[in-house]
$ cat query09.txt   # compact mmCIF, C-alpha atoms
# COMPACT_ATOMS: atom_id res chain seq x y z
CA MET H 118 18.03 5.19 -1.47
CA THR H 119 15.45 6.90 0.74
CA THR H 120 16.62 8.87 3.78
CA SER H 121 13.60 11.04 4.61
CA PRO H 122 12.62 11.05 8.31
CA TYR H 123 8.99 11.17 7.16
CA THR H 124 9.21 7.74 5.50
CA SER H 125 7.77 4.93 7.58
CA GLN H 126 7.65 2.34 4.79
CA SER H 127 9.65 1.94 1.60
CA ALA H 128 10.56 -0.72 -0.93
CA PHE H 129 13.13 1.61 -2.48
CA ASP H 130 15.88 2.05 0.12
CA GLY H 131 18.19 -0.53 -1.45
CA SER H 132 18.29 -2.80 1.60
CA ARG H 133 18.14 -6.57 1.62
CA MET H 134 14.95 -8.13 2.87
CA ARG H 135 13.91 -11.27 4.67
CA VAL H 136 10.59 -12.99 3.94
CA THR H 137 9.17 -15.54 6.37
CA LEU H 138 6.25 -17.88 5.80
CA LEU H 139 4.72 -19.55 8.85
CA VAL H 140 2.98 -22.71 7.64
CA ASP H 141 0.58 -24.97 9.52
CA LEU H 142 -0.08 -28.18 7.56
CA HIS H 143 -3.11 -30.43 7.40
CA GLU H 144 -2.62 -33.76 9.11
CA GLY H 145 -0.76 -36.24 6.91
CA ALA H 146 0.22 -33.61 4.30
CA GLN H 147 3.96 -33.50 5.05
CA GLN H 148 5.15 -35.45 1.99
CA GLU H 149 2.86 -33.58 -0.39
CA PHE H 150 4.15 -30.33 1.13
CA LEU H 151 7.80 -31.36 0.72
CA ASP H 152 7.23 -32.36 -2.91
CA ALA H 153 5.54 -29.01 -3.60
CA TYR H 154 8.35 -27.13 -1.87
CA GLU H 155 11.02 -28.86 -3.99
CA GLN H 156 9.24 -27.77 -7.17
CA MET H 157 8.75 -24.24 -5.85
CA ARG H 158 12.37 -23.94 -4.69
CA ASP H 159 13.77 -24.75 -8.12
CA ARG H 160 11.63 -22.05 -9.75
CA VAL H 161 12.29 -19.39 -7.09
CA ALA H 162 16.06 -19.97 -7.29
CA SER H 163 16.09 -18.56 -10.83
CA VAL H 164 14.23 -15.35 -9.93
CA PRO H 165 16.49 -12.25 -10.13
CA GLY H 166 17.30 -10.87 -6.68
CA HIS H 167 16.69 -14.13 -4.82
CA LEU H 168 19.67 -14.94 -2.57
CA GLY H 169 18.56 -18.16 -0.91
CA ASP H 170 15.99 -19.81 1.32
CA GLN H 171 15.61 -22.28 4.16
CA LEU H 172 12.90 -24.77 5.10
CA CYS H 173 12.60 -25.42 8.85
CA GLN H 174 10.36 -27.78 10.83
CA SER H 175 9.15 -27.01 14.34
CA LEU H 176 10.82 -29.00 17.12
CA GLU H 177 7.62 -28.86 19.19
CA ASN H 178 4.93 -29.40 16.56
CA PRO H 179 5.89 -31.34 13.39
CA SER H 180 2.93 -29.93 11.44
CA GLN H 181 4.33 -26.40 11.74
CA TRP H 182 6.97 -25.26 9.28
CA LEU H 183 8.91 -22.07 8.56
CA ILE H 184 10.14 -20.99 5.12
CA THR H 185 12.57 -18.08 5.05
CA SER H 186 14.03 -16.42 1.98
CA GLU H 187 16.46 -13.56 1.52
CA TRP H 188 16.34 -11.03 -1.32
CA ALA H 189 18.89 -8.48 -2.54
CA THR H 190 16.27 -5.71 -2.47
CA ALA H 191 12.49 -5.45 -2.21
CA PRO H 192 11.54 -4.56 -5.85
CA PRO H 193 12.51 -7.91 -7.44
CA TYR H 194 10.70 -9.78 -4.69
CA LEU H 195 7.55 -7.68 -5.12
CA ALA H 196 7.66 -8.14 -8.90
CA TRP H 197 7.87 -11.90 -8.37
CA VAL H 198 5.28 -12.29 -5.61
CA ASN H 199 2.70 -10.24 -7.54
CA SER H 200 3.14 -12.14 -10.81
CA ASP H 201 0.94 -14.83 -12.31
CA GLU H 202 4.02 -17.08 -12.37
CA HIS H 203 4.25 -16.87 -8.58
CA PHE H 204 0.57 -17.67 -8.20
CA GLU H 205 0.96 -20.80 -10.32
CA THR H 206 4.17 -21.76 -8.49
CA VAL H 207 2.65 -21.73 -5.01
CA LYS H 208 -0.69 -23.27 -6.01
CA PRO H 209 0.41 -26.86 -5.17
CA LEU H 210 1.06 -25.73 -1.59
CA GLN H 211 -2.53 -24.62 -1.04
CA ASN H 212 -3.96 -28.14 -0.64
CA CYS H 213 -1.43 -28.93 2.10
CA VAL H 214 -1.84 -25.82 4.21
CA ARG H 215 -4.31 -25.23 7.01
CA GLU H 216 -2.98 -21.74 7.70
CA LEU H 217 -0.20 -19.59 6.23
CA LYS H 218 1.15 -16.25 7.39
CA SER H 219 3.63 -14.17 5.39
CA MET H 220 5.86 -11.47 6.90
CA ARG H 221 8.41 -9.22 5.23
CA TYR H 222 11.33 -7.46 6.92
CA GLY H 223 14.11 -5.09 5.93
CA ILE H 224 17.48 -6.19 7.36
CA VAL H 225 18.74 -3.52 9.77
CA ARG H 226 21.73 -5.17 11.52
CA GLU H 227 23.67 -8.42 11.10
CA THR H 228 26.77 -10.19 12.33
CA GLY H 229 29.58 -11.47 10.16
CA GLY H 230 30.47 -8.24 8.38
CA ALA H 231 29.37 -6.68 5.10
CA ARG H 232 28.28 -8.80 2.14
CA PRO H 233 29.33 -6.75 -0.90
CA GLY H 234 27.38 -6.84 -4.11
CA ILE H 235 24.10 -8.27 -2.79
CA GLY H 236 22.33 -5.27 -1.30
CA GLY H 237 22.86 -3.22 1.83
CA LEU H 238 21.25 -2.84 5.21
CA GLN H 239 18.18 -0.73 5.89
CA PRO H 240 19.75 2.70 6.51
CA ASP H 241 17.37 3.92 9.19
CA VAL H 242 15.12 2.47 11.85
CA ARG H 243 11.72 3.74 10.82
CA VAL H 244 9.00 5.01 13.13
CA GLY H 245 5.49 3.97 12.13
CA ASP H 246 2.02 4.65 13.44
CA GLY H 247 0.98 1.02 14.06
CA VAL H 248 -1.22 1.01 10.96
CA THR H 249 -0.87 -1.36 7.99
CA ARG H 250 -2.16 -0.12 4.63
CA HIS H 251 -3.27 -2.38 1.80
CA ALA H 252 -5.31 -2.09 -1.38
CA LEU H 253 -7.29 -4.25 -3.78
CA THR H 254 -8.03 -3.40 -7.38
CA PHE H 255 -10.26 -5.02 -9.99
CA THR H 256 -12.18 -4.03 -13.07
CA VAL H 257 -15.90 -4.20 -13.79
CA LYS H 258 -17.69 -4.59 -17.10
CA PRO H 259 -17.93 -1.31 -19.03
CA GLY H 260 -21.37 0.20 -18.57
CA SER H 261 -21.82 -1.21 -15.06
CA GLU H 262 -19.78 1.47 -13.27
CA SER H 263 -22.72 3.42 -11.82
CA LYS H 264 -24.42 0.25 -10.55
CA VAL H 265 -21.19 -0.99 -8.94
CA ALA H 266 -20.64 2.42 -7.31
CA GLU H 267 -24.17 2.28 -5.91
CA ILE H 268 -23.60 -1.20 -4.46
CA LEU H 269 -20.23 -0.33 -2.94
CA ALA H 270 -21.47 2.92 -1.42
CA GLY H 271 -24.60 1.47 0.14
CA TYR H 272 -23.47 -1.37 2.39
CA ALA H 273 -23.46 -1.30 6.18
CA PRO H 274 -19.90 -1.16 7.59
CA PRO H 275 -18.59 -4.30 9.30
CA GLU H 276 -17.65 -4.48 12.98
CA SER H 277 -14.32 -2.66 13.26
CA ARG H 278 -12.96 -4.60 16.24
CA VAL H 279 -11.36 -7.89 15.18
CA ASP H 280 -9.80 -8.97 18.48
CA ASP H 281 -7.94 -7.43 21.42
CA SER H 282 -5.00 -6.38 19.24
CA THR H 283 -6.48 -5.86 15.76
CA ARG H 284 -8.90 -3.24 14.52
CA LEU H 285 -10.15 -2.11 11.12
CA ARG H 286 -9.61 1.66 11.12
CA ARG H 287 -10.60 2.92 7.68
CA THR H 288 -11.86 1.70 4.31
CA THR H 289 -11.96 3.94 1.24
CA LEU H 290 -13.22 3.03 -2.22
CA PHE H 291 -12.50 4.83 -5.48
CA LEU H 292 -13.49 4.39 -9.11
CA HIS H 293 -11.63 5.39 -12.28
CA GLY H 294 -13.39 4.37 -15.46
CA ASN H 295 -14.19 0.71 -14.87
CA ARG H 296 -11.36 0.18 -12.33
CA VAL H 297 -12.24 -0.09 -8.63
CA VAL H 298 -9.64 0.51 -5.91
CA ARG H 299 -10.38 -0.36 -2.28
CA THR H 300 -7.85 0.79 0.33
CA VAL H 301 -7.90 -0.45 3.92
CA GLU H 302 -6.08 0.68 7.06
CA VAL H 303 -5.64 -1.86 9.84
CA GLU H 304 -4.27 -1.50 13.34
CA GLY H 305 -2.69 -4.86 14.20
CA ASP H 306 -2.70 -8.01 12.07
CA LEU H 307 -3.69 -7.27 8.47
CA MET H 308 -4.52 -10.89 7.54
CA ALA H 309 -6.66 -11.34 10.66
CA ALA H 310 -8.57 -8.19 9.73
CA LEU H 311 -9.10 -9.29 6.13
CA ARG H 312 -10.36 -12.71 7.25
CA HIS H 313 -12.67 -10.99 9.76
CA VAL H 314 -14.11 -8.72 7.07
CA SER H 315 -14.62 -11.57 4.61
CA ARG H 316 -16.79 -13.41 7.15
CA GLN H 317 -19.16 -10.49 7.78
CA PRO H 318 -22.63 -11.12 6.26
CA GLU H 319 -22.97 -7.55 4.96
CA ILE H 320 -19.61 -7.78 3.17
CA ARG H 321 -20.39 -11.18 1.66
CA ALA H 322 -23.69 -9.78 0.38
CA VAL H 323 -21.89 -6.87 -1.29
CA GLU H 324 -19.30 -9.15 -2.88
CA GLU H 325 -22.06 -11.41 -4.24
CA ALA H 326 -23.95 -8.39 -5.56
CA ILE H 327 -21.00 -7.16 -7.64
CA ASN H 328 -20.06 -10.62 -8.96
CA PRO H 329 -22.19 -10.32 -12.14
CA HIS H 330 -20.46 -7.04 -12.99
CA LEU H 331 -16.85 -8.21 -12.67
CA GLU H 332 -14.68 -8.64 -15.75
CA GLN H 333 -12.87 -11.54 -14.05
CA ASP H 334 -15.29 -14.27 -13.00
CA ARG H 335 -15.06 -15.57 -9.44
CA ASP H 336 -16.97 -17.91 -7.16
CA LEU H 337 -16.53 -16.94 -3.51
CA SER H 338 -18.02 -20.26 -2.41
CA ASP H 339 -15.04 -21.99 -4.08
CA PRO H 340 -11.88 -21.39 -1.97
CA GLU H 341 -9.55 -21.75 -4.94
CA SER H 342 -11.53 -19.28 -7.07
CA ALA H 343 -11.73 -16.77 -4.22
CA ARG H 344 -8.02 -17.18 -3.45
CA ALA H 345 -7.09 -16.64 -7.11
CA PHE H 346 -9.20 -13.50 -7.39
CA PHE H 347 -7.89 -11.81 -4.25
CA ALA H 348 -4.30 -12.84 -4.95
CA ARG H 349 -4.46 -11.10 -8.32
CA ALA H 350 -6.36 -8.09 -6.93
CA ALA H 351 -3.92 -7.38 -4.09
CA MET H 352 -1.91 -4.14 -4.29
CA PRO H 353 0.71 -3.86 -1.56
CA ALA H 354 1.84 -0.50 -0.27
CA VAL H 355 5.40 0.10 -1.48
CA HIS H 356 5.98 3.52 0.11
CA HIS H 357 4.39 5.61 2.85
CA VAL H 358 5.26 9.07 4.14
CA ALA H 359 3.57 11.03 6.90
CA ARG H 360 4.26 14.47 8.28
CA GLY H 361 3.38 13.33 11.81
CA GLY H 362 1.58 15.09 14.61
CA PRO H 363 -2.18 15.51 15.02
CA GLU H 364 -4.30 15.40 11.90
CA PRO H 365 -5.56 18.85 10.83
CA GLY H 366 -9.30 19.30 10.62
CA ASP H 367 -9.31 20.27 6.94
CA ILE H 368 -7.80 17.03 5.58
CA THR H 369 -9.30 15.57 2.39
CA ARG H 370 -8.45 12.19 0.86
CA HIS H 371 -7.70 11.67 -2.81
CA ALA H 372 -6.51 8.80 -5.00
CA LEU H 373 -4.70 9.09 -8.31
CA TYR H 374 -4.52 6.27 -10.85
CA TYR H 375 -1.31 5.93 -12.88
CA PRO H 376 -1.30 3.16 -15.51
CA ALA H 377 2.35 2.53 -16.39
CA ARG H 378 3.80 1.47 -19.68
CA LYS H 379 4.51 -2.25 -19.82
CA GLY H 380 7.28 -3.14 -17.39
CA CYS H 381 7.51 0.37 -15.93
CA GLY H 382 5.24 0.03 -12.89
CA MET H 383 8.01 -0.23 -10.29
CA ALA H 384 9.97 2.69 -11.77
CA LEU H 385 6.82 4.82 -11.79
CA ALA H 386 6.09 3.92 -8.17
CA ARG H 387 9.65 4.91 -7.24
CA LEU H 388 9.28 8.30 -8.96
CA LEU H 389 6.02 9.05 -7.13
CA SER H 390 7.54 7.94 -3.83
CA ARG H 391 10.40 10.39 -4.16
CA GLN H 392 7.92 13.11 -5.04
CA ASP H 393 5.95 12.37 -1.88
CA GLU H 394 9.06 12.51 0.29
CA THR H 395 9.81 15.97 -1.06
CA ALA H 396 6.20 17.07 -0.53
CA ALA H 397 6.09 15.79 3.06
CA ALA H 398 9.31 17.66 3.89
CA ASP H 399 7.80 21.01 2.83
CA PRO H 400 6.47 22.55 6.08
CA ALA H 401 4.19 24.86 4.14
CA GLY H 402 3.03 22.19 1.71
CA PRO H 403 -0.45 20.66 1.72
CA VAL H 404 0.56 16.95 1.79
CA HIS H 405 -0.04 15.43 5.24
CA ARG H 406 0.22 11.71 4.30
CA SER H 407 0.72 9.72 1.14
CA THR H 408 0.86 6.02 0.26
CA VAL H 409 1.93 4.53 -3.07
CA PHE H 410 0.43 1.15 -4.00
CA GLN H 411 1.76 -0.84 -6.93
CA ARG H 412 1.07 -4.13 -8.65
CA GLU H 413 2.75 -4.84 -11.98
CA ASP H 414 1.83 -1.88 -14.21
CA VAL H 415 -0.93 -0.41 -12.03
CA VAL H 416 0.12 2.31 -9.59
CA VAL H 417 -2.22 4.16 -7.21
CA ARG H 418 -1.27 7.11 -5.03
CA LEU H 419 -3.44 7.74 -1.96
CA ILE H 420 -2.93 11.29 -0.64
CA ASP H 421 -4.32 13.11 2.40
CA VAL H 422 -3.97 16.85 1.86
CA ARG H 423 -4.74 19.92 3.91
CA GLY H 424 -7.04 22.59 2.55
CA ASP H 425 -8.64 22.69 -0.87
CA PRO H 426 -6.47 21.07 -3.56
CA GLU H 427 -8.53 22.81 -6.23
CA THR H 428 -6.77 26.08 -5.40
CA ASP H 429 -3.36 24.66 -6.36
CA PRO H 430 -3.86 21.13 -7.68
CA VAL H 431 -0.31 20.61 -8.96
CA ARG H 432 1.26 21.54 -5.62
CA ALA H 433 -1.22 19.39 -3.68
CA LEU H 434 -1.40 16.30 -5.87
CA GLY H 435 0.92 16.73 -8.81
CA ILE H 436 4.48 16.20 -10.00
CA HIS H 437 6.69 19.24 -9.55
CA GLY H 438 9.19 20.46 -12.13
CA PRO H 439 9.63 19.87 -15.86
CA ARG H 440 12.32 17.23 -15.38
CA LYS H 441 10.12 15.01 -13.20
CA ALA H 442 7.20 15.62 -15.56
CA ALA H 443 9.36 14.44 -18.46
CA VAL H 444 10.30 11.26 -16.58
CA LEU H 445 6.65 10.69 -15.73
CA ALA H 446 5.78 11.06 -19.43
CA ARG H 447 8.22 8.29 -20.33
CA LEU H 448 6.82 5.91 -17.70
CA LEU H 449 3.09 6.63 -17.97
CA ASP H 450 0.70 4.97 -20.38
CA SER H 451 -0.97 8.23 -21.34
CA ALA H 452 -3.38 6.56 -23.75
CA ALA H 453 -4.80 4.46 -20.90
CA LEU H 454 -5.71 7.71 -19.16
CA GLY H 455 -7.29 9.14 -22.28
CA LEU H 456 -4.48 11.66 -22.83
CA ALA H 457 -3.58 12.55 -26.40
CA GLY H 458 -0.06 13.61 -25.39
CA ALA H 459 2.42 13.30 -22.56
CA PRO H 460 2.44 15.76 -19.61
CA THR H 461 5.37 18.13 -20.13
CA GLY H 462 4.54 21.42 -18.39
CA GLY H 463 2.37 23.02 -15.73
CA ARG H 464 -0.72 23.18 -17.91
CA GLU H 465 -0.22 19.61 -19.08
CA ALA H 466 0.38 18.47 -15.49
CA THR H 467 -2.96 19.96 -14.49
CA ARG H 468 -4.57 18.09 -17.38
CA LEU H 469 -2.96 14.88 -16.15
CA LEU H 470 -4.43 15.39 -12.67
CA ALA H 471 -7.89 15.80 -14.14
CA HIS H 472 -7.54 12.43 -15.87
CA ALA H 473 -5.73 10.58 -13.05
CA ASP H 474 -7.97 11.70 -10.18
CA MET H 475 -10.24 8.87 -9.04
CA SER H 476 -13.87 9.36 -8.01
CA LEU H 477 -14.52 8.77 -4.32
CA ILE H 478 -17.23 6.15 -3.73
CA THR H 479 -17.15 5.89 0.05
CA ASP H 480 -14.80 6.65 2.94
CA ARG H 481 -15.61 4.87 6.20
CA ARG H 482 -13.74 5.36 9.48
CA ALA H 483 -14.09 3.38 12.65
CA ALA H 484 -15.11 5.39 15.69
CA GLN H 485 -12.25 7.21 17.41
CA SER H 486 -9.80 6.62 14.55
$ encode --input "query09.txt" --output "structure tokens"
Amino acid sequence: MTTSPYTSQSAFDGSRMRVTLLVDLHEGAQQEFLDAYEQMRDRVASVPGHLGDQLCQSLENPSQWLITSEWATAPPYLAWVNSDEHFETVKPLQNCVRELKSMRYGIVRETGGARPGIGGLQPDVRVGDGVTRHALTFTVKPGSESKVAEILAGYAPPESRVDDSTRLRRTTLFLHGNRVVRTVEVEGDLMAALRHVSRQPEIRAVEEAINPHLEQDRDLSDPESARAFFARAAMPAVHHVARGGPEPGDITRHALYYPARKGCGMALARLLSRQDETAAADPAGPVHRSTVFQREDVVVRLIDVRGDPETDPVRALGIHGPRKAAVLARLLDSAALGLAGAPTGGREATRLLAHADMSLITDRRAAQS
């Protein structure tokens, strides 16, 4: 359970969570929607960690519906929502829905007393910075990496202002082998910002330009194909720590790629999150901010550090201590990083950093961010 005052977001505090889906249906789609929901409900009920759900219809507008579900903790929900099984389960809903908005909450207080054995309450009220962080990851055909990097580095940035309450603050792209990771920071409504970006002509041109190089085919003119691609590329942030206060002038941004052994992605993300909490609590340490993104067995750690990490790379970006290094070795797919052996000591940890460090393609900030 996380208790660090520097943590503004965490999937690992052991608290129950509430997920809400706001659904606006196409005219005449109610029965199709209800049939799809019945099928979906039966499958979701068997998912570990799922405690129950409700389907509610608006009293004012019959085409608007609310689906709420409760989960014992966040990790089983995230494992489910990021799986191919989930994508196939919710697919029948897509034809019924005009608009859908998903929101996730940790439960902080409740009436009726404790509910033993099904997860606790969020231990602390967290203080955030009003920024939502998200990432996308996909792979390109081997041999096309330099061309893809050129395309992704050369586009004109989209308009940062989405509406009066939403603004795109920062977009950073990294490359590791043939894997691309795009991180975005949004002030306001994340989904509104992503829809805004997808409509920009310069962004559509870039996406079309990289299409021939993608390992997974997609057709952005086909809503179902585009939806499938971005659903499988999404990497939610599972943990974020920040030291707080004004940003120092010597901050540099880095991303580290950690391929996990099969089934170990969530455990690896938890280990890195605890490491980042410890790093943020060190007043003399170089870590100013860190976000861990995870989807299945792909984990990415985005770190903003003060000073030059080359002078002490393990302290700035690495895992500290032989015990944590040993745990990392058990969770990490070292072969996927090109490592002949597991990281066990300081020298090996430095070698791991050299292999895990992603190449920066572009880092774009909105004005006054």
$ atom_distance --input "query09.txt" --atom1 "atom CA of H:Thr228" --atom2 "atom CA of H:Arg133"
14.2 Å
$ residues_around --input "query09.txt" --residues "H:Pro426" --least-positions-apart "2" --cutoff "12 Å" --atoms "all atoms listed in the file" --output "PyMOL selection string"
chain H and resi 367-371+402-404+420-424+428-435+467+470-471+474
$ residues_around --input "query09.txt" --residues "H:Tyr374" --least-positions-apart "4" --cutoff "9 Å" --atoms "only C-alpha atoms" --output "MDAnalysis selection string"
chainID H and resid 293 415:418 454 472:475
$ atom_distance --input "query09.txt" --atom1 "atom CA of H:Asp425" --atom2 "atom CA of H:Ala372"
14.6 Å
$ closest_residue --input "query09.txt" --among "H:Leu448, H:Ile320, H:Val225, H:Met134" --to "H:Gly271" --atoms "only C-alpha atoms"
H:Ile320
$ residues_around --input "query09.txt" --residues "stretch 357-366 of chain H" --least-positions-apart "6" --cutoff "8 Å" --atoms "all atoms listed in the file" --output "JSON, numbers by chain"
{"H": [123, 124, 125, 126, 127, 390, 393, 394, 397, 398, 404, 405, 406, 407, 408, 409, 423]}
$ closest_residue --input "query09.txt" --among "H:Val198, H:Val207, H:Leu139, H:Ile224" --to "H:Arg158" --atoms "only C-alpha atoms"
H:Val207
$ axis_aligned_box --input "query09.txt" --around "stretch 428-442 of chain H" --padding-each-side "6 Å" --output "JSON"
{"center_x": 2.8, "center_y": 20.5, "center_z": -9.8, "size_x": 31.1, "size_y": 23.1, "size_z": 24.2}
$ residues_around --input "query09.txt" --residues "stretch 237-254 of chain H" --least-positions-apart "5" --cutoff "6 Å" --atoms "all atoms listed in the file" --output "PyMOL selection string"
chain H and resi 125+132-133+223-225+297-304+350-354
$ atom_distance --input "query09.txt" --atom1 "atom CA of H:Val257" --atom2 "atom CA of H:Arg321"
17.5 Å
$ residues_around --input "query09.txt" --residues "H:Ser219" --least-positions-apart "5" --cutoff "8 Å" --atoms "all atoms listed in the file" --output "VMD selection string"
chain H and resid 136 to 139
$ closest_residue --input "query09.txt" --among "H:Met383, H:Leu290, H:Leu172, H:Leu210" --to "H:Pro193" --atoms "all atoms listed in the file"
H:Met383
$ closest_residue --input "query09.txt" --among "H:His167, H:Arg278, H:Arg447, H:Arg160" --to "H:Thr206" --atoms "only C-alpha atoms"
H:Arg160
$ closest_residue --input "query09.txt" --among "H:Ala384, H:Leu311, H:Val161, H:Val279" --to "H:Asp414" --atoms "only C-alpha atoms"
H:Ala384
$ closest_residue --input "query09.txt" --among "H:Ala322, H:Leu307, H:Ile235, H:Met220" --to "H:Pro275" --atoms "all atoms listed in the file"
H:Ala322
$ residues_near_point --input "query09.txt" --point "(13.9, -10.5, -0.1)" --cutoff "6 Å" --atoms "all atoms listed in the file" --output "list in words"
Met134, Arg135, Val136, Glu187, Trp188, Ala189, Thr190, Ala191 and Tyr194 of chain H
